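Raw coords-v3.cif, mmCIF, C-alpha atoms:
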data_target
loop_
_atom_site.group_PDB
_atom_site.id
_atom_site.type_symbol
_atom_site.label_atom_id
_atom_site.label_comp_id
_atom_site.auth_asym_id
_atom_site.auth_seq_id
_atom_site.Cartn_x
_atom_site.Cartn_y
_atom_site.Cartn_z
ATOM 1 C CA MET A 220 -8.149 31.612 -16.080
ATOM 2 C CA LEU A 221 -9.188 32.616 -12.572
ATOM 3 C CA ASP A 222 -9.571 36.295 -13.517
ATOM 4 C CA MET A 223 -12.328 35.343 -16.008
ATOM 5 C CA LEU A 224 -14.629 34.181 -13.209
ATOM 6 C CA PRO A 225 -17.102 36.477 -11.509
ATOM 7 C CA PRO A 226 -15.834 37.714 -8.150
ATOM 8 C CA GLY A 227 -18.350 35.766 -6.057
ATOM 9 C CA LEU A 228 -17.277 32.327 -7.301
ATOM 10 C CA VAL A 229 -15.045 29.931 -5.413
ATOM 11 C CA TYR A 230 -11.770 28.979 -7.086
ATOM 12 C CA ILE A 231 -11.714 25.636 -8.880
ATOM 13 C CA ASP A 232 -8.770 24.256 -6.932
ATOM 14 C CA VAL A 233 -10.809 24.525 -3.724
ATOM 15 C CA LEU A 234 -13.649 22.532 -5.274
ATOM 16 C CA LEU A 235 -11.383 19.954 -6.842
ATOM 17 C CA ARG A 236 -9.405 19.329 -3.666
ATOM 18 C CA ALA A 237 -11.400 16.472 -2.165
ATOM 19 C CA PRO A 238 -10.825 15.510 1.454
ATOM 20 C CA GLU A 239 -8.732 12.353 1.847
ATOM 21 C CA ASN A 240 -11.416 10.530 3.828
ATOM 22 C CA LEU A 241 -13.921 10.546 0.924
ATOM 23 C CA SER A 242 -14.455 7.314 -0.955
ATOM 24 C CA LYS A 243 -13.638 7.132 -4.677
ATOM 25 C CA PRO A 244 -17.277 7.452 -5.805
ATOM 26 C CA ASN A 245 -17.761 10.504 -3.582
ATOM 27 C CA LYS A 246 -14.597 12.091 -4.959
ATOM 28 C CA ARG A 247 -15.892 11.514 -8.488
ATOM 29 C CA TRP A 248 -19.196 13.146 -7.582
ATOM 30 C CA GLN A 249 -17.337 16.131 -6.162
ATOM 31 C CA ARG A 250 -15.243 16.464 -9.340
ATOM 32 C CA ALA A 251 -18.360 16.183 -11.520
ATOM 33 C CA PHE A 252 -20.028 18.906 -9.456
ATOM 34 C CA ALA A 253 -16.989 21.158 -9.844
ATOM 35 C CA CYS A 254 -16.931 20.549 -13.601
ATOM 36 C CA ILE A 255 -20.602 21.401 -14.004
ATOM 37 C CA TYR A 256 -20.301 24.396 -11.674
ATOM 38 C CA TYR A 257 -17.405 25.906 -13.563
ATOM 39 C CA SER A 258 -18.733 25.144 -17.033
ATOM 40 C CA ARG A 259 -21.866 27.092 -16.082
ATOM 41 C CA ALA A 260 -19.738 29.884 -14.644
ATOM 42 C CA PHE A 261 -17.698 30.141 -17.849
ATOM 43 C CA LEU A 262 -20.858 30.167 -19.961
ATOM 44 C CA LEU A 263 -22.429 32.813 -17.744
ATOM 45 C CA ARG A 264 -19.314 34.971 -17.862
ATOM 46 C CA SER A 265 -18.914 34.688 -21.631
ATOM 47 C CA SER A 266 -22.565 35.514 -22.218
ATOM 48 C CA GLU A 267 -22.323 38.557 -19.953
ATOM 49 C CA GLN A 268 -19.257 39.808 -21.798
ATOM 50 C CA LYS A 269 -20.612 39.307 -25.330
ATOM 51 C CA HIS A 270 -24.340 39.861 -25.293
ATOM 52 C CA GLY A 271 -25.575 40.463 -21.825
ATOM 53 C CA ASP A 272 -28.070 37.590 -21.952
ATOM 54 C CA TRP A 273 -27.256 34.062 -23.167
ATOM 55 C CA GLU A 274 -30.754 33.156 -24.325
ATOM 56 C CA LYS A 275 -30.974 36.152 -26.668
ATOM 57 C CA SER A 276 -27.638 35.333 -28.263
ATOM 58 C CA SER A 277 -27.573 34.043 -31.855
ATOM 59 C CA HIS A 278 -24.328 32.097 -31.297
ATOM 60 C CA PRO A 279 -24.670 28.325 -30.982
ATOM 61 C CA ARG A 280 -23.863 26.784 -27.642
ATOM 62 C CA SER A 281 -20.510 25.085 -27.427
ATOM 63 C CA CYS A 282 -19.261 22.434 -25.088
ATOM 64 C CA THR A 283 -15.895 22.030 -23.495
ATOM 65 C CA VAL A 284 -14.696 18.697 -22.197
ATOM 66 C CA LEU A 285 -12.480 18.895 -19.151
ATOM 67 C CA ASP A 286 -10.367 16.024 -17.934
ATOM 68 C CA ILE A 287 -10.572 16.649 -14.218
ATOM 69 C CA GLU A 288 -9.086 13.353 -13.081
ATOM 70 C CA PRO A 289 -5.838 14.361 -11.395
ATOM 71 C CA PRO A 290 -2.764 12.324 -12.277
ATOM 72 C CA LEU A 291 -1.916 9.659 -9.750
ATOM 73 C CA ALA A 292 0.993 10.463 -7.489
ATOM 74 C CA PHE A 293 4.201 8.600 -8.323
ATOM 75 C CA SER A 294 2.621 7.169 -11.495
ATOM 76 C CA SER A 295 6.016 7.217 -13.222
ATOM 77 C CA VAL A 296 7.427 4.805 -10.638
ATOM 78 C CA ASP A 297 7.174 1.058 -11.131
ATOM 79 C CA LYS A 298 6.468 -0.340 -7.683
ATOM 80 C CA ASN A 299 7.765 -3.800 -8.601
ATOM 81 C CA THR A 300 11.106 -2.358 -9.721
ATOM 82 C CA LEU A 301 11.414 -0.430 -6.449
ATOM 83 C CA ALA A 302 10.585 -3.560 -4.470
ATOM 84 C CA GLU A 303 13.177 -5.534 -6.418
ATOM 85 C CA LEU A 304 15.719 -2.772 -5.842
ATOM 86 C CA THR A 305 15.216 -2.791 -2.075
ATOM 87 C CA LYS A 306 15.064 -6.571 -1.692
ATOM 88 C CA GLN A 307 17.934 -7.518 -3.997
ATOM 89 C CA LYS A 308 20.053 -4.387 -3.411
ATOM 90 C CA ASP A 309 21.013 -4.654 -7.075
ATOM 91 C CA LEU A 310 23.208 -1.825 -8.364
ATOM 92 C CA LYS A 311 22.326 -2.624 -11.985
ATOM 93 C CA VAL A 312 18.663 -1.860 -11.284
ATOM 94 C CA LEU A 313 19.674 1.349 -9.505
ATOM 95 C CA HIS A 314 21.767 2.470 -12.487
ATOM 96 C CA LYS A 315 18.912 1.502 -14.826
ATOM 97 C CA LEU A 316 16.638 3.854 -12.873
ATOM 98 C CA GLY A 317 19.133 6.700 -13.222
ATOM 99 C CA GLY A 318 20.974 6.502 -9.917
ATOM 100 C CA VAL A 319 20.212 7.634 -6.397
ATOM 101 C CA HIS A 320 19.405 11.241 -7.311
ATOM 102 C CA ALA A 321 16.941 10.206 -10.040
ATOM 103 C CA VAL A 322 15.112 7.794 -7.734
ATOM 104 C CA ALA A 323 14.978 10.437 -4.991
ATOM 105 C CA SER A 324 13.564 13.062 -7.355
ATOM 106 C CA VAL A 325 10.936 10.675 -8.753
ATOM 107 C CA LEU A 326 9.872 9.778 -5.211
ATOM 108 C CA GLU A 327 9.870 13.487 -4.249
ATOM 109 C CA THR A 328 12.369 12.842 -1.481
ATOM 110 C CA ASP A 329 15.126 15.059 -0.152
ATOM 111 C CA LEU A 330 18.396 13.139 0.163
ATOM 112 C CA GLU A 331 19.322 14.863 3.420
ATOM 113 C CA ASN A 332 15.943 15.313 5.129
ATOM 114 C CA GLY A 333 13.826 12.507 3.653
ATOM 115 C CA ILE A 334 10.128 12.956 2.893
ATOM 116 C CA ARG A 335 8.166 16.041 3.915
ATOM 117 C CA GLY A 336 6.009 14.000 6.272
ATOM 118 C CA ASP A 337 2.967 16.267 6.361
ATOM 119 C CA ASP A 338 -0.497 14.704 6.243
ATOM 120 C CA GLU A 339 -1.038 15.405 2.541
ATOM 121 C CA ASP A 340 2.311 13.887 1.566
ATOM 122 C CA LEU A 341 1.749 10.817 3.736
ATOM 123 C CA ALA A 342 -1.751 10.307 2.334
ATOM 124 C CA LYS A 343 -0.413 10.593 -1.218
ATOM 125 C CA ARG A 344 2.326 8.044 -0.493
ATOM 126 C CA HIS A 345 -0.132 5.726 1.273
ATOM 127 C CA ALA A 346 -2.459 5.831 -1.755
ATOM 128 C CA ALA A 347 0.420 5.185 -4.170
ATOM 129 C CA PHE A 348 2.375 2.507 -2.301
ATOM 130 C CA GLY A 349 0.049 1.129 0.383
ATOM 131 C CA THR A 350 0.913 0.597 4.016
ATOM 132 C CA ASN A 351 4.449 0.058 5.189
ATOM 133 C CA THR A 352 3.677 -3.182 6.975
ATOM 134 C CA TYR A 353 4.202 -6.849 6.361
ATOM 135 C CA LYS A 354 1.416 -9.365 6.355
ATOM 136 C CA LYS A 355 1.465 -11.318 9.571
ATOM 137 C CA PRO A 356 2.118 -14.984 8.837
ATOM 138 C CA PRO A 357 -0.539 -17.381 10.112
ATOM 139 C CA SER A 358 0.177 -18.712 13.573
ATOM 140 C CA GLN A 359 1.466 -22.277 13.793
ATOM 141 C CA GLY A 360 -0.004 -24.891 16.098
ATOM 142 C CA PHE A 361 1.806 -26.923 18.746
ATOM 143 C CA LEU A 362 1.894 -30.038 16.558
ATOM 144 C CA HIS A 363 3.666 -28.062 13.829
ATOM 145 C CA PHE A 364 6.486 -27.226 16.258
ATOM 146 C CA ILE A 365 6.730 -30.865 17.368
ATOM 147 C CA TRP A 366 6.973 -31.957 13.725
ATOM 148 C CA GLU A 367 9.685 -29.374 12.994
ATOM 149 C CA ALA A 368 11.645 -30.417 16.095
ATOM 150 C CA SER A 369 11.414 -34.090 15.151
ATOM 151 C CA LYS A 370 13.394 -33.334 11.984
ATOM 152 C CA ASP A 371 16.464 -32.391 14.059
ATOM 153 C CA PHE A 372 19.207 -35.048 13.931
ATOM 154 C CA THR A 373 20.063 -34.700 17.640
ATOM 155 C CA ILE A 374 16.454 -35.291 18.679
ATOM 156 C CA LEU A 375 16.266 -38.351 16.446
ATOM 157 C CA VAL A 376 19.442 -39.807 18.017
ATOM 158 C CA LEU A 377 18.088 -39.175 21.528
ATOM 159 C CA LEU A 378 14.770 -40.842 20.664
ATOM 160 C CA PHE A 379 16.624 -43.839 19.203
ATOM 161 C CA CYS A 380 18.717 -44.130 22.401
ATOM 162 C CA ALA A 381 15.557 -43.837 24.516
ATOM 163 C CA ALA A 382 13.965 -46.674 22.520
ATOM 164 C CA LEU A 383 17.075 -48.855 23.003
ATOM 165 C CA SER A 384 17.183 -48.053 26.722
ATOM 166 C CA LEU A 385 13.511 -48.849 27.061
ATOM 167 C CA GLY A 386 13.887 -52.145 25.204
ATOM 168 C CA PHE A 387 16.982 -53.283 27.141
ATOM 169 C CA GLY A 388 15.548 -52.132 30.472
ATOM 170 C CA ILE A 389 12.321 -54.091 30.011
ATOM 171 C CA LYS A 390 14.299 -57.168 28.886
ATOM 172 C CA GLN A 391 16.686 -57.091 31.890
ATOM 173 C CA LYS A 392 14.430 -55.879 34.746
ATOM 174 C CA GLY A 393 10.967 -56.708 33.463
ATOM 175 C CA PRO A 394 8.127 -54.373 32.486
ATOM 176 C CA LYS A 395 7.454 -53.140 36.064
ATOM 177 C CA GLU A 396 10.860 -51.563 36.689
ATOM 178 C CA GLY A 397 12.620 -51.675 33.320
ATOM 179 C CA TRP A 398 10.761 -48.791 31.681
ATOM 180 C CA TYR A 399 12.055 -46.100 34.130
ATOM 181 C CA ASP A 400 15.288 -45.216 32.314
ATOM 182 C CA GLY A 401 13.940 -45.351 28.755
ATOM 183 C CA GLY A 402 10.641 -43.693 29.707
ATOM 184 C CA SER A 403 12.375 -40.800 31.472
ATOM 185 C CA ILE A 404 14.601 -40.208 28.411
ATOM 186 C CA PHE A 405 11.454 -40.106 26.211
ATOM 187 C CA VAL A 406 9.795 -37.596 28.558
ATOM 188 C CA ALA A 407 12.947 -35.462 28.700
ATOM 189 C CA VAL A 408 13.314 -35.407 24.905
ATOM 190 C CA PHE A 409 9.647 -34.610 24.407
#

Mind turning this structure into C-alpha cells?
Amino acid sequence: MLDMLPPGLVYIDVLLRAPENLSKPNKRWQRAFACIYYSRAFLLRSSEQKHGDWEKSSHPRSCTVLDIEPPLAFSSVDKNTLAELTKQKDLKVLHKLGGVHAVASVLETDLENGIRGDDEDLAKRHAAFGTNTYKKPPSQGFLHFIWEASKDFTILVLLFCAALSLGFGIKQKGPKEGWYDGGSIFVAVF
C-alpha cells in the first residue's frame, strides 16, 4: 500500500500515531485529517496512473470508507474478571481464563521479565486499566475515634468502675474530696 503513494508523501502510520498528551477530540481530528489526506493522495495517484488528469476522466468518482479508529489495547480482557482473580486468588477463574500463560499473553507480559515498561507500553496500560492506586479513604474525625474506642469491652468496664468509684467516694468523703479517685480514673480512661 505504501508503494502506491507519491514519494513526497508522509507515511500514514506517522499521521495516525497521535501523541499521548492529546485529548480524545484532538486525536479524532488528527485521524480525520489523516483520512482525508490519504484519500486525496490515493485519488491523485490513481488519476495520474490512469488518465493523467482526474477532471478529464470519464470514470465516476468512488469513495472508500476507512475505519481508522485503532482497536483499544487489552480489549479482549475483562477488567472485572482480572480484579476478581487478584482479589479472590481463585484458581477456577484462572483456569477459566486459560491458565497463567494465557493471561500473560493476553496482557502482553513476559513471565520472566514482566512488562516492557517503556513510555508507550505504560501509556497503553494506563489508558486500558487506569492508575495503579487506591482511593484514599476519607479522614475520620476525633469524635469517630472516641466512639470506636467506647465500643471496647475493657474501656466500658473501666468507665463503669470509675462511675462506681466516683459514686462511693462522694458518698463517703463528700463532694469536695470524694471525686478525686473516680475523676482521675475517668481522666485516665479518656

Residue nearest A:Phe364 - candidates A:Phe409, A:Phe252, A:Lys308, A:Gly317, atoms counted: all atoms listed in the file: A:Phe409

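Between atom CA of A:Gly397 and atom CA of A:Cys380 there is a distance of 14.6 Å.
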
Picked residues, the PyMOL selection byres ((chain A and resi 325) around 12), expected as a list of chain:residue names: A:Ala292, A:Phe293, A:Ser294, A:Ser295, A:Val296, A:Asp297, A:Lys298, A:Leu301, A:Leu316, A:Gly317, A:Gly318, A:Val319, A:His320, A:Ala321, A:Val322, A:Ala323, A:Ser324, A:Leu326, A:Glu327, A:Thr328, A:Asp329, A:Leu330, A:Ile334

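For the pair atom CA of A:Thr305 and atom CA of A:Asn351, the interatomic distance is 13.3 Å.
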
Between atom CA of A:Ala382 and atom CA of A:Gly401, measure the distance and give it in Å to one decimal.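 Going from atom CA of A:Ala382 over to atom CA of A:Gly401 covers 6.4 Å.
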
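Between A:Ala368 and the residues A:Asn299, A:Val408, A:Ile255, A:Asn332, the shortest atom-to-atom distance, using all atoms listed in the file, involves A:Val408.
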
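Considering only C-alpha atoms, the residue among A:Val312, A:Arg335, A:Thr373, A:Phe405 positioned nearest to A:Thr300 is A:Val312.
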
Show me, as lines of an AutoDock Vina configuration file, the centre and edge lengths in Å to one decimal of the axis-aligned box that covers every listed atom of stretch 392-397 of chain A with 4 Å on each side.
center_x = 10.9
center_y = -54.1
center_z = 34.6
size_x = 15.0
size_y = 13.1
size_z = 12.2
